[in-house]
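data_5.pdb follows; it contains PDB, N, CA and C atoms, pLDDT in the B column.
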```
ATOM      1  N   PRO I 117      99.249  74.021 116.822  1.00 83.00           N
ATOM      2  CA  PRO I 117      97.953  74.317 116.220  1.00 83.00           C
ATOM      3  C   PRO I 117      96.785  73.676 116.976  1.00 83.00           C
ATOM      4  N   ALA I 118      96.984  72.488 117.534  1.00 92.00           N
ATOM      5  CA  ALA I 118      95.895  71.824 118.246  1.00 92.00           C
ATOM      6  C   ALA I 118      95.503  72.612 119.496  1.00 92.00           C
ATOM      7  N   ARG I 119      96.477  73.156 120.190  1.00 94.00           N
ATOM      8  CA  ARG I 119      96.176  73.945 121.390  1.00 94.00           C
ATOM      9  C   ARG I 119      95.452  75.242 121.030  1.00 94.00           C
ATOM     10  N   LEU I 120      95.847  75.828 119.925  1.00 90.00           N
ATOM     11  CA  LEU I 120      95.178  77.046 119.466  1.00 90.00           C
ATOM     12  C   LEU I 120      93.716  76.769 119.149  1.00 90.00           C
ATOM     13  N   VAL I 121      93.449  75.686 118.454  1.00 94.00           N
ATOM     14  CA  VAL I 121      92.075  75.314 118.108  1.00 94.00           C
ATOM     15  C   VAL I 121      91.277  75.014 119.372  1.00 94.00           C
ATOM     16  N   ALA I 122      91.871  74.262 120.286  1.00 95.00           N
ATOM     17  CA  ALA I 122      91.178  73.918 121.526  1.00 95.00           C
ATOM     18  C   ALA I 122      90.874  75.165 122.349  1.00 95.00           C
ATOM     19  N   GLY I 123      91.831  76.073 122.449  1.00 93.00           N
ATOM     20  CA  GLY I 123      91.619  77.308 123.196  1.00 93.00           C
ATOM     21  C   GLY I 123      90.558  78.191 122.559  1.00 93.00           C
ATOM     22  N   THR I 124      90.576  78.258 121.242  1.00 89.00           N
ATOM     23  CA  THR I 124      89.578  79.055 120.519  1.00 89.00           C
ATOM     24  C   THR I 124      88.188  78.492 120.716  1.00 89.00           C
ATOM     25  N   LEU I 125      88.049  77.180 120.614  1.00 93.00           N
ATOM     26  CA  LEU I 125      86.736  76.550 120.805  1.00 93.00           C
ATOM     27  C   LEU I 125      86.237  76.715 122.240  1.00 93.00           C
ATOM     28  N   LEU I 126      87.123  76.598 123.200  1.00 95.00           N
ATOM     29  CA  LEU I 126      86.737  76.782 124.603  1.00 95.00           C
ATOM     30  C   LEU I 126      86.284  78.220 124.858  1.00 95.00           C
ATOM     31  N   ALA I 127      87.028  79.176 124.323  1.00 91.00           N
ATOM     32  CA  ALA I 127      86.644  80.579 124.488  1.00 91.00           C
ATOM     33  C   ALA I 127      85.317  80.870 123.791  1.00 91.00           C
ATOM     34  N   ALA I 128      85.123  80.324 122.590  1.00 90.00           N
ATOM     35  CA  ALA I 128      83.874  80.532 121.865  1.00 90.00           C
ATOM     36  C   ALA I 128      82.693  79.946 122.626  1.00 90.00           C
ATOM     37  N   ALA I 129      82.876  78.793 123.228  1.00 93.00           N
ATOM     38  CA  ALA I 129      81.798  78.181 124.010  1.00 93.00           C
ATOM     39  C   ALA I 129      81.458  79.028 125.230  1.00 93.00           C
ATOM     40  N   ALA I 130      82.466  79.552 125.903  1.00 93.00           N
ATOM     41  CA  ALA I 130      82.220  80.394 127.076  1.00 93.00           C
ATOM     42  C   ALA I 130      81.497  81.680 126.685  1.00 93.00           C
ATOM     43  N   ILE I 131      81.905  82.267 125.565  1.00 90.00           N
ATOM     44  CA  ILE I 131      81.253  83.493 125.101  1.00 90.00           C
ATOM     45  C   ILE I 131      79.812  83.206 124.703  1.00 90.00           C
ATOM     46  N   TRP I 132      79.590  82.087 124.035  1.00 92.00           N
ATOM     47  CA  TRP I 132      78.222  81.729 123.622  1.00 92.00           C
ATOM     48  C   TRP I 132      77.334  81.525 124.844  1.00 92.00           C
ATOM     49  N   LEU I 133      77.847  80.874 125.880  1.00 94.00           N
ATOM     50  CA  LEU I 133      77.066  80.662 127.096  1.00 94.00           C
ATOM     51  C   LEU I 133      76.746  81.985 127.789  1.00 94.00           C
ATOM     52  N   ALA I 134      77.684  82.918 127.749  1.00 90.00           N
ATOM     53  CA  ALA I 134      77.473  84.196 128.430  1.00 90.00           C
ATOM     54  C   ALA I 134      76.569  85.142 127.646  1.00 90.00           C
ATOM     55  N   LEU I 135      76.697  85.151 126.311  1.00 87.00           N
ATOM     56  CA  LEU I 135      75.992  86.153 125.516  1.00 87.00           C
ATOM     57  C   LEU I 135      74.857  85.612 124.661  1.00 87.00           C
ATOM     58  N   GLY I 136      74.828  84.320 124.439  1.00 89.00           N
ATOM     59  CA  GLY I 136      73.790  83.753 123.588  1.00 89.00           C
ATOM     60  C   GLY I 136      73.929  84.231 122.158  1.00 89.00           C
ATOM     61  N   GLU I 137      72.818  84.598 121.546  1.00 88.00           N
ATOM     62  CA  GLU I 137      72.835  84.994 120.137  1.00 88.00           C
ATOM     63  C   GLU I 137      73.542  86.309 119.890  1.00 88.00           C
ATOM     64  N   ARG I 138      73.732  87.117 120.931  1.00 86.00           N
ATOM     65  CA  ARG I 138      74.468  88.376 120.765  1.00 86.00           C
ATOM     66  C   ARG I 138      75.956  88.140 120.518  1.00 86.00           C
ATOM     67  N   ALA I 139      76.415  86.908 120.721  1.00 89.00           N
ATOM     68  CA  ALA I 139      77.829  86.598 120.520  1.00 89.00           C
ATOM     69  C   ALA I 139      78.214  86.627 119.043  1.00 89.00           C
ATOM     70  N   LEU I 140      77.292  86.338 118.148  1.00 91.00           N
ATOM     71  CA  LEU I 140      77.628  86.264 116.726  1.00 91.00           C
ATOM     72  C   LEU I 140      78.086  87.600 116.145  1.00 91.00           C
ATOM     73  N   PRO I 141      77.352  88.701 116.316  1.00 91.00           N
ATOM     74  CA  PRO I 141      77.854  89.970 115.774  1.00 91.00           C
ATOM     75  C   PRO I 141      79.150  90.415 116.447  1.00 91.00           C
ATOM     76  N   ALA I 142      79.278  90.163 117.735  1.00 90.00           N
ATOM     77  CA  ALA I 142      80.497  90.537 118.444  1.00 90.00           C
ATOM     78  C   ALA I 142      81.690  89.746 117.922  1.00 90.00           C
ATOM     79  N   ALA I 143      81.499  88.452 117.706  1.00 90.00           N
ATOM     80  CA  ALA I 143      82.576  87.622 117.169  1.00 90.00           C
ATOM     81  C   ALA I 143      82.909  88.023 115.740  1.00 90.00           C
ATOM     82  N   GLY I 144      81.900  88.349 114.961  1.00 92.00           N
ATOM     83  CA  GLY I 144      82.135  88.808 113.598  1.00 92.00           C
ATOM     84  C   GLY I 144      82.923  90.114 113.568  1.00 92.00           C
ATOM     85  N   ALA I 145      82.576  91.034 114.455  1.00 93.00           N
ATOM     86  CA  ALA I 145      83.295  92.303 114.534  1.00 93.00           C
ATOM     87  C   ALA I 145      84.746  92.070 114.948  1.00 93.00           C
ATOM     88  N   ALA I 146      84.947  91.192 115.915  1.00 92.00           N
ATOM     89  CA  ALA I 146      86.305  90.887 116.373  1.00 92.00           C
ATOM     90  C   ALA I 146      87.128  90.269 115.251  1.00 92.00           C
ATOM     91  N   LEU I 147      86.551  89.346 114.524  1.00 91.00           N
ATOM     92  CA  LEU I 147      87.256  88.692 113.426  1.00 91.00           C
ATOM     93  C   LEU I 147      87.606  89.689 112.325  1.00 91.00           C
ATOM     94  N   LEU I 148      86.653  90.520 111.955  1.00 95.00           N
ATOM     95  CA  LEU I 148      86.870  91.499 110.892  1.00 95.00           C
ATOM     96  C   LEU I 148      87.972  92.489 111.266  1.00 95.00           C
ATOM     97  N   VAL I 149      87.904  93.045 112.463  1.00 95.00           N
ATOM     98  CA  VAL I 149      88.901  94.030 112.890  1.00 95.00           C
ATOM     99  C   VAL I 149      90.277  93.388 112.989  1.00 95.00           C
ATOM    100  N   THR I 150      90.339  92.168 113.506  1.00 93.00           N
ATOM    101  CA  THR I 150      91.624  91.477 113.623  1.00 93.00           C
ATOM    102  C   THR I 150      92.251  91.229 112.257  1.00 93.00           C
ATOM    103  N   LEU I 151      91.458  90.758 111.306  1.00 94.00           N
ATOM    104  CA  LEU I 151      91.985  90.506 109.967  1.00 94.00           C
ATOM    105  C   LEU I 151      92.428  91.796 109.285  1.00 94.00           C
ATOM    106  N   LEU I 152      91.622  92.841 109.399  1.00 96.00           N
ATOM    107  CA  LEU I 152      91.980  94.117 108.779  1.00 96.00           C
ATOM    108  C   LEU I 152      93.224  94.731 109.422  1.00 96.00           C
ATOM    109  N   ALA I 153      93.324  94.655 110.736  1.00 95.00           N
ATOM    110  CA  ALA I 153      94.503  95.197 111.421  1.00 95.00           C
ATOM    111  C   ALA I 153      95.759  94.422 111.019  1.00 95.00           C
ATOM    112  N   GLY I 154      95.667  93.102 110.968  1.00 94.00           N
ATOM    113  CA  GLY I 154      96.821  92.303 110.559  1.00 94.00           C
ATOM    114  C   GLY I 154      97.264  92.627 109.151  1.00 94.00           C
ATOM    115  N   ARG I 155      96.319  92.787 108.267  1.00 96.00           N
ATOM    116  CA  ARG I 155      96.644  93.142 106.879  1.00 96.00           C
ATOM    117  C   ARG I 155      97.300  94.524 106.812  1.00 96.00           C
ATOM    118  N   TYR I 156      96.757  95.454 107.559  1.00 96.00           N
ATOM    119  CA  TYR I 156      97.322  96.796 107.586  1.00 96.00           C
ATOM    120  C   TYR I 156      98.763  96.779 108.105  1.00 96.00           C
ATOM    121  N   PHE I 157      98.998  96.080 109.201  1.00 95.00           N
ATOM    122  CA  PHE I 157     100.341  96.043 109.786  1.00 95.00           C
ATOM    123  C   PHE I 157     101.339  95.365 108.852  1.00 95.00           C
ATOM    124  N   HIS I 158     100.910  94.328 108.174  1.00 95.00           N
ATOM    125  CA  HIS I 158     101.807  93.671 107.224  1.00 95.00           C
ATOM    126  C   HIS I 158     102.147  94.586 106.055  1.00 95.00           C
ATOM    127  N   ARG I 159     101.177  95.344 105.586  1.00 95.00           N
ATOM    128  CA  ARG I 159     101.435  96.247 104.457  1.00 95.00           C
ATOM    129  C   ARG I 159     102.297  97.432 104.865  1.00 95.00           C
ATOM    130  N   GLN I 160     102.003  98.022 106.016  1.00 95.00           N
ATOM    131  CA  GLN I 160     102.704  99.234 106.430  1.00 95.00           C
ATOM    132  C   GLN I 160     104.062  98.953 107.068  1.00 95.00           C
ATOM    133  N   LEU I 161     104.170  97.900 107.852  1.00 93.00           N
ATOM    134  CA  LEU I 161     105.388  97.623 108.614  1.00 93.00           C
ATOM    135  C   LEU I 161     106.128  96.371 108.149  1.00 93.00           C
ATOM    136  N   GLY I 162     105.490  95.581 107.338  1.00 93.00           N
ATOM    137  CA  GLY I 162     106.126  94.346 106.896  1.00 93.00           C
ATOM    138  C   GLY I 162     106.006  93.215 107.895  1.00 93.00           C
ATOM    139  N   GLY I 163     105.226  93.401 108.930  1.00 91.00           N
ATOM    140  CA  GLY I 163     105.050  92.374 109.940  1.00 91.00           C
ATOM    141  C   GLY I 163     104.280  92.907 111.131  1.00 91.00           C
ATOM    142  N   ILE I 164     104.305  92.142 112.194  1.00 90.00           N
ATOM    143  CA  ILE I 164     103.554  92.516 113.388  1.00 90.00           C
ATOM    144  C   ILE I 164     104.517  92.608 114.565  1.00 90.00           C
ATOM    145  N   THR I 165     104.435  93.706 115.302  1.00 93.00           N
ATOM    146  CA  THR I 165     105.259  93.905 116.496  1.00 93.00           C
ATOM    147  C   THR I 165     104.360  93.808 117.727  1.00 93.00           C
ATOM    148  N   GLY I 166     104.968  93.916 118.882  1.00 94.00           N
ATOM    149  CA  GLY I 166     104.198  93.910 120.118  1.00 94.00           C
ATOM    150  C   GLY I 166     103.247  95.083 120.200  1.00 94.00           C
ATOM    151  N   ASP I 167     103.688  96.240 119.732  1.00 95.00           N
ATOM    152  CA  ASP I 167     102.808  97.412 119.713  1.00 95.00           C
ATOM    153  C   ASP I 167     101.614  97.190 118.791  1.00 95.00           C
ATOM    154  N   CYS I 168     101.852  96.499 117.681  1.00 95.00           N
ATOM    155  CA  CYS I 168     100.749  96.176 116.761  1.00 95.00           C
ATOM    156  C   CYS I 168      99.736  95.268 117.446  1.00 95.00           C
ATOM    157  N   LEU I 169     100.225  94.297 118.183  1.00 93.00           N
ATOM    158  CA  LEU I 169      99.317  93.400 118.895  1.00 93.00           C
ATOM    159  C   LEU I 169      98.481  94.166 119.916  1.00 93.00           C
ATOM    160  N   GLY I 170      99.114  95.092 120.629  1.00 96.00           N
ATOM    161  CA  GLY I 170      98.383  95.901 121.597  1.00 96.00           C
ATOM    162  C   GLY I 170      97.331  96.772 120.930  1.00 96.00           C
ATOM    163  N   ALA I 171      97.701  97.384 119.807  1.00 96.00           N
ATOM    164  CA  ALA I 171      96.747  98.224 119.078  1.00 96.00           C
ATOM    165  C   ALA I 171      95.593  97.391 118.535  1.00 96.00           C
ATOM    166  N   ALA I 172      95.912  96.217 117.979  1.00 95.00           N
ATOM    167  CA  ALA I 172      94.857  95.346 117.454  1.00 95.00           C
ATOM    168  C   ALA I 172      93.928  94.897 118.576  1.00 95.00           C
ATOM    169  N   ASN I 173      94.481  94.638 119.743  1.00 94.00           N
ATOM    170  CA  ASN I 173      93.666  94.243 120.890  1.00 94.00           C
ATOM    171  C   ASN I 173      92.689  95.345 121.265  1.00 94.00           C
ATOM    172  N   GLN I 174      93.171  96.586 121.321  1.00 97.00           N
ATOM    173  CA  GLN I 174      92.309  97.701 121.689  1.00 97.00           C
ATOM    174  C   GLN I 174      91.235  97.954 120.633  1.00 97.00           C
ATOM    175  N   LEU I 175      91.612  97.883 119.369  1.00 96.00           N
ATOM    176  CA  LEU I 175      90.638  98.072 118.299  1.00 96.00           C
ATOM    177  C   LEU I 175      89.571  96.979 118.320  1.00 96.00           C
ATOM    178  N   THR I 176      89.995  95.755 118.560  1.00 94.00           N
ATOM    179  CA  THR I 176      89.052  94.639 118.620  1.00 94.00           C
ATOM    180  C   THR I 176      88.103  94.790 119.798  1.00 94.00           C
ATOM    181  N   GLU I 177      88.636  95.202 120.924  1.00 95.00           N
ATOM    182  CA  GLU I 177      87.801  95.394 122.111  1.00 95.00           C
ATOM    183  C   GLU I 177      86.725  96.456 121.868  1.00 95.00           C
ATOM    184  N   VAL I 178      87.105  97.560 121.259  1.00 97.00           N
ATOM    185  CA  VAL I 178      86.138  98.624 120.951  1.00 97.00           C
ATOM    186  C   VAL I 178      85.090  98.122 119.962  1.00 97.00           C
ATOM    187  N   ALA I 179      85.518  97.368 118.953  1.00 95.00           N
ATOM    188  CA  ALA I 179      84.572  96.836 117.964  1.00 95.00           C
ATOM    189  C   ALA I 179      83.565  95.898 118.614  1.00 95.00           C
ATOM    190  N   VAL I 180      84.025  95.069 119.547  1.00 93.00           N
ATOM    191  CA  VAL I 180      83.115  94.152 120.246  1.00 93.00           C
ATOM    192  C   VAL I 180      82.121  94.936 121.092  1.00 93.00           C
ATOM    193  N   TYR I 181      82.601  95.943 121.803  1.00 93.00           N
ATOM    194  CA  TYR I 181      81.698  96.755 122.613  1.00 93.00           C
ATOM    195  C   TYR I 181      80.642  97.447 121.742  1.00 93.00           C
ATOM    196  N   LEU I 182      81.072  97.983 120.609  1.00 94.00           N
ATOM    197  CA  LEU I 182      80.128  98.649 119.714  1.00 94.00           C
ATOM    198  C   LEU I 182      79.107  97.666 119.137  1.00 94.00           C
ATOM    199  N   ALA I 183      79.566  96.465 118.791  1.00 92.00           N
ATOM    200  CA  ALA I 183      78.640  95.448 118.271  1.00 92.00           C
ATOM    201  C   ALA I 183      77.627  95.035 119.338  1.00 92.00           C
ATOM    202  N   LEU I 184      78.088  94.895 120.570  1.00 90.00           N
ATOM    203  CA  LEU I 184      77.171  94.528 121.657  1.00 90.00           C
ATOM    204  C   LEU I 184      76.200  95.672 121.953  1.00 90.00           C
ATOM    205  N   ALA I 185      76.695  96.905 121.917  1.00 93.00           N
ATOM    206  CA  ALA I 185      75.818  98.053 122.174  1.00 93.00           C
ATOM    207  C   ALA I 185      74.772  98.191 121.081  1.00 93.00           C
ATOM    208  N   ALA I 186      75.146  97.894 119.850  1.00 92.00           N
ATOM    209  CA  ALA I 186      74.190  97.969 118.746  1.00 92.00           C
ATOM    210  C   ALA I 186      73.087  96.922 118.885  1.00 92.00           C
ATOM    211  N   ARG I 187      73.412  95.779 119.476  1.00 76.00           N
ATOM    212  CA  ARG I 187      72.431  94.705 119.657  1.00 76.00           C
ATOM    213  C   ARG I 187      71.616  94.864 120.931  1.00 76.00           C
ATOM    214  N   TRP I 188      72.029  95.764 121.815  1.00 75.00           N
ATOM    215  CA  TRP I 188      71.353  95.945 123.099  1.00 75.00           C
ATOM    216  C   TRP I 188      69.981  96.469 122.825  1.00 75.00           C
TER     217      TRP I 188
END
```
In structure tokens, what does this structure look like?
Amino acid sequence: PARLVAGTLLAAAAIWLALGERALPAAGAALLVTLLAGRYFHRQLGGITGDCLGAANQLTEVAVYLALAARW
């Protein structure tokens, strides 16, 4: 858990430095899509597979792009 927290904080700092205030909606979109996808996969499949992780990654990436485009 400590490595996960450290990695998350490091990534958040890098994103904040690169995007500034535009990072907040993008991070919010990523968090929302990730939580919703995880909930969906648990309900429909009873867990998460590698394919689920790939799908969640793609959905999160699109959500971040859309959030950034909306703030542009």
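Using only C-alpha atoms, the contacts of Thr176 (chain I) at a cut-off of 9 Å, with sequence neighbours closer than 2 positions omitted, comprise Ala145, Ala146, Leu147, Leu148, Val149, Thr150, Ala171, Ala172, Asn173, Gln174, Val178, Ala179, Val180 and Tyr181 of chain I.
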Please report the interatomic distance between atom C of Leu126 (chain I) and CA of Ala183 (chain I) in Å with one decimal.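 These atoms are spaced 20.0 Å apart.
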Quick one: pull the distance between atom N of Ala185 (chain I) and CA of Leu133 (chain I), Å, one decimal.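 It comes out at 17.1 Å.
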Select, from I:Arg155, I:Gly163, I:Ala128, I:Gly123, the residue with the minimum atom-to-atom distance to Leu140 (chain I), counting only C-alpha atoms. I:Ala128
Record the distance separating atom N of Arg187 (chain I) and atom N of Ala127 (chain I), expressed in Å with one decimal. 22.0 Å
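The residue that comes closest to Trp188 (chain I), out of I:Arg138, I:Leu175, I:Leu161, I:Leu169 and on the basis of all atoms listed in the file, is I:Arg138.
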Please write out, as AutoDock Vina command-line options, where the centre of an axis-aligned box around all listed atoms of region 143-146 of chain I lies and how long its edges are, in Å to one decimal, after adding 5 Å on each side.
```
--center_x 84.3 --center_y 90.0 --center_z 115.6 --size_x 15.6 --size_y 14.7 --size_z 14.1
```
Which of these, I:Leu184, I:Leu151, I:Arg119, I:Ile164, has the shortest distance to Ala139 (chain I) once you count only N, CA and C atoms? I:Leu184
With only N, CA and C atoms as the basis for distance, which of I:Pro141, I:Gly136, I:Gly162, I:Pro117 is at the shortest distance from Leu182 (chain I)?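 For Leu182 (chain I), the nearest of the candidates is I:Pro141.
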